[in-house]
Amino acid sequence: MENIKNIILIGFMGVGKGSVARAVVKNSQFISIDTDDLIESMENKKIKDIFKEEGEKYFREVEKNLSLWLEQNVSGTLISTGGGFYKVENLKKIGTIVLLDSPFDAIIKRIKKHPNAKNKLKKRPLLSDLKKAKELYHERRPQYLALADVVVDVTNKSELECAKELLKKVNKNV
Ligand code: S3P
């Protein structure tokens, strides 16, 4: 059987990975899965409760185990990831890496204009302190860029525009 490559969406918290993934699914043959959703269902707990009760280190272990499972078992799928998932060792082996990129301030603006903004912030423990989150953004961005096969700048673009750009760039890349 032909092993069709996965697309792995990476990028900072709140950049719009979930929304862009849904737009890609609507406009292509892909189906999508989300590492945070898989972890919440495996652990039967919300991410924020895993952080609170088990700690971040435990969460990263779960991400690592999930990454090994994805590499072995998943193909032809759009995999949306949590903002720190990119640190797993085998990311390149899972598929084509697509970075959704945007400046920190634009990301925060995007979250704050959402009708459910409070919840969006509350469910992300690493966004509770915006000063620290900004530092984390600047620490991670060069690492995201170094890993990415494809970069889509999502700033001031609709989800549909981002999805179309992503599909075009990924098709050129494979
Ligand atoms: C994290 C991002 C979150 C979630 C967890 C940790 C991170 O996912 O995995 O709170 O380290 O950036 P989103 O990027 O979907 O917010």
# chains A, B, ... in the order shown; residues from 1 in each chain; ligands from 1
call {"tool": "residues_near_ligand", "arguments": {"ligand": "ligand 1", "cutoff": "6 Å", "atoms": "only C-alpha atoms and all ligand atoms", "output": "list in words"}}
result
Phe12, Met13, Gly14, Asp36, Gly82, Gly83, Gly84, Arg124 and Pro125 of chain A
call {"tool": "select_by_dssp", "arguments": {"residues": "stretch 22-133 of chain A", "states": "alpha helix (DSSP H)", "output": "number ranges by chain"}}
result
A: 22-26, 35-43, 47-53, 56-73, 91-94, 104-112, 117-122, 130-133
call {"tool": "residues_around", "arguments": {"residues": "stretch 144-151 of chain A", "least_positions_apart": "4", "cutoff": "10 Å", "atoms": "only C-alpha atoms", "output": "list of chain:residue names"}}
result
A:Ile8, A:Leu9, A:Ile10, A:Gly11, A:Phe12, A:Gly83, A:Gly84, A:Tyr86, A:Lys87, A:Leu91, A:Lys92, A:Gly95, A:Thr96, A:Ile97, A:Val98, A:Leu99, A:Leu100, A:Asp101, A:Tyr137, A:Glu139, A:Arg140, A:Glu165, A:Leu166, A:Lys169, A:Val170, A:Lys172, A:Asn173, A:Val174
call {"tool": "residues_around", "arguments": {"residues": "stretch 23-33 of chain A", "least_positions_apart": "6", "cutoff": "8 Å", "atoms": "only C-alpha atoms", "output": "number ranges by chain"}}
result
A: 76-80, 159-160, 163-164, 167
call {"tool": "closest_residue", "arguments": {"among": "A:Glu135, A:Asp105, A:Glu40, A:Asp34", "to": "A:Phe85", "atoms": "only C-alpha atoms"}}
result
A:Asp34
call {"tool": "closest_residue", "arguments": {"among": "A:Leu130, A:Val74, A:Ile107, A:Leu136", "to": "A:Lys17", "atoms": "only C-alpha atoms"}}
result
A:Ile107
call {"tool": "select_by_dssp", "arguments": {"residues": "stretch 2-132 of chain A", "states": "strand (DSSP E or B)", "output": "VMD selection string"}}
result
chain A and resid 6 to 10 32 to 34 78 to 80 95 to 101
call {"tool": "write_last_selection", "arguments": {"atoms": "C-alpha atoms", "output": "compact mmCIF listing (two decimals), in the first residue's frame"}}
result
# COMPACT_ATOMS: atom_id res chain seq x y z
CA ASN A 6 0.73 13.26 6.58
CA ILE A 7 0.62 17.02 6.93
CA ILE A 8 1.66 18.20 10.39
CA LEU A 9 0.45 21.64 11.42
CA ILE A 10 2.72 23.37 13.91
CA SER A 32 -7.84 15.76 10.41
CA ILE A 33 -6.90 14.77 13.91
CA ASP A 34 -5.60 16.94 16.73
CA LEU A 78 -3.77 16.31 8.52
CA ILE A 79 -2.38 16.31 12.05
CA SER A 80 -2.95 19.49 14.00
CA GLY A 95 5.10 13.94 7.53
CA THR A 96 5.38 17.32 5.80
CA ILE A 97 5.70 20.02 8.44
CA VAL A 98 3.62 23.15 7.89
CA LEU A 99 4.16 26.16 10.14
CA LEU A 100 1.31 28.62 10.63
CA ASP A 101 3.17 31.84 11.33
call {"tool": "closest_residue", "arguments": {"among": "A:Thr35, A:Leu126, A:Lys134, A:Ser19", "to": "A:Gly55", "atoms": "only C-alpha atoms"}}
result
A:Leu126
call {"tool": "atom_distance", "arguments": {"atom1": "atom CA of A:Ser75", "atom2": "atom CA of A:Ile4"}}
result
5.5 Å
call {"tool": "closest_residue", "arguments": {"among": "A:Glu161, A:Asp49, A:Glu43, A:Asp37", "to": "A:Val62", "atoms": "only C-alpha atoms"}}
result
A:Glu43
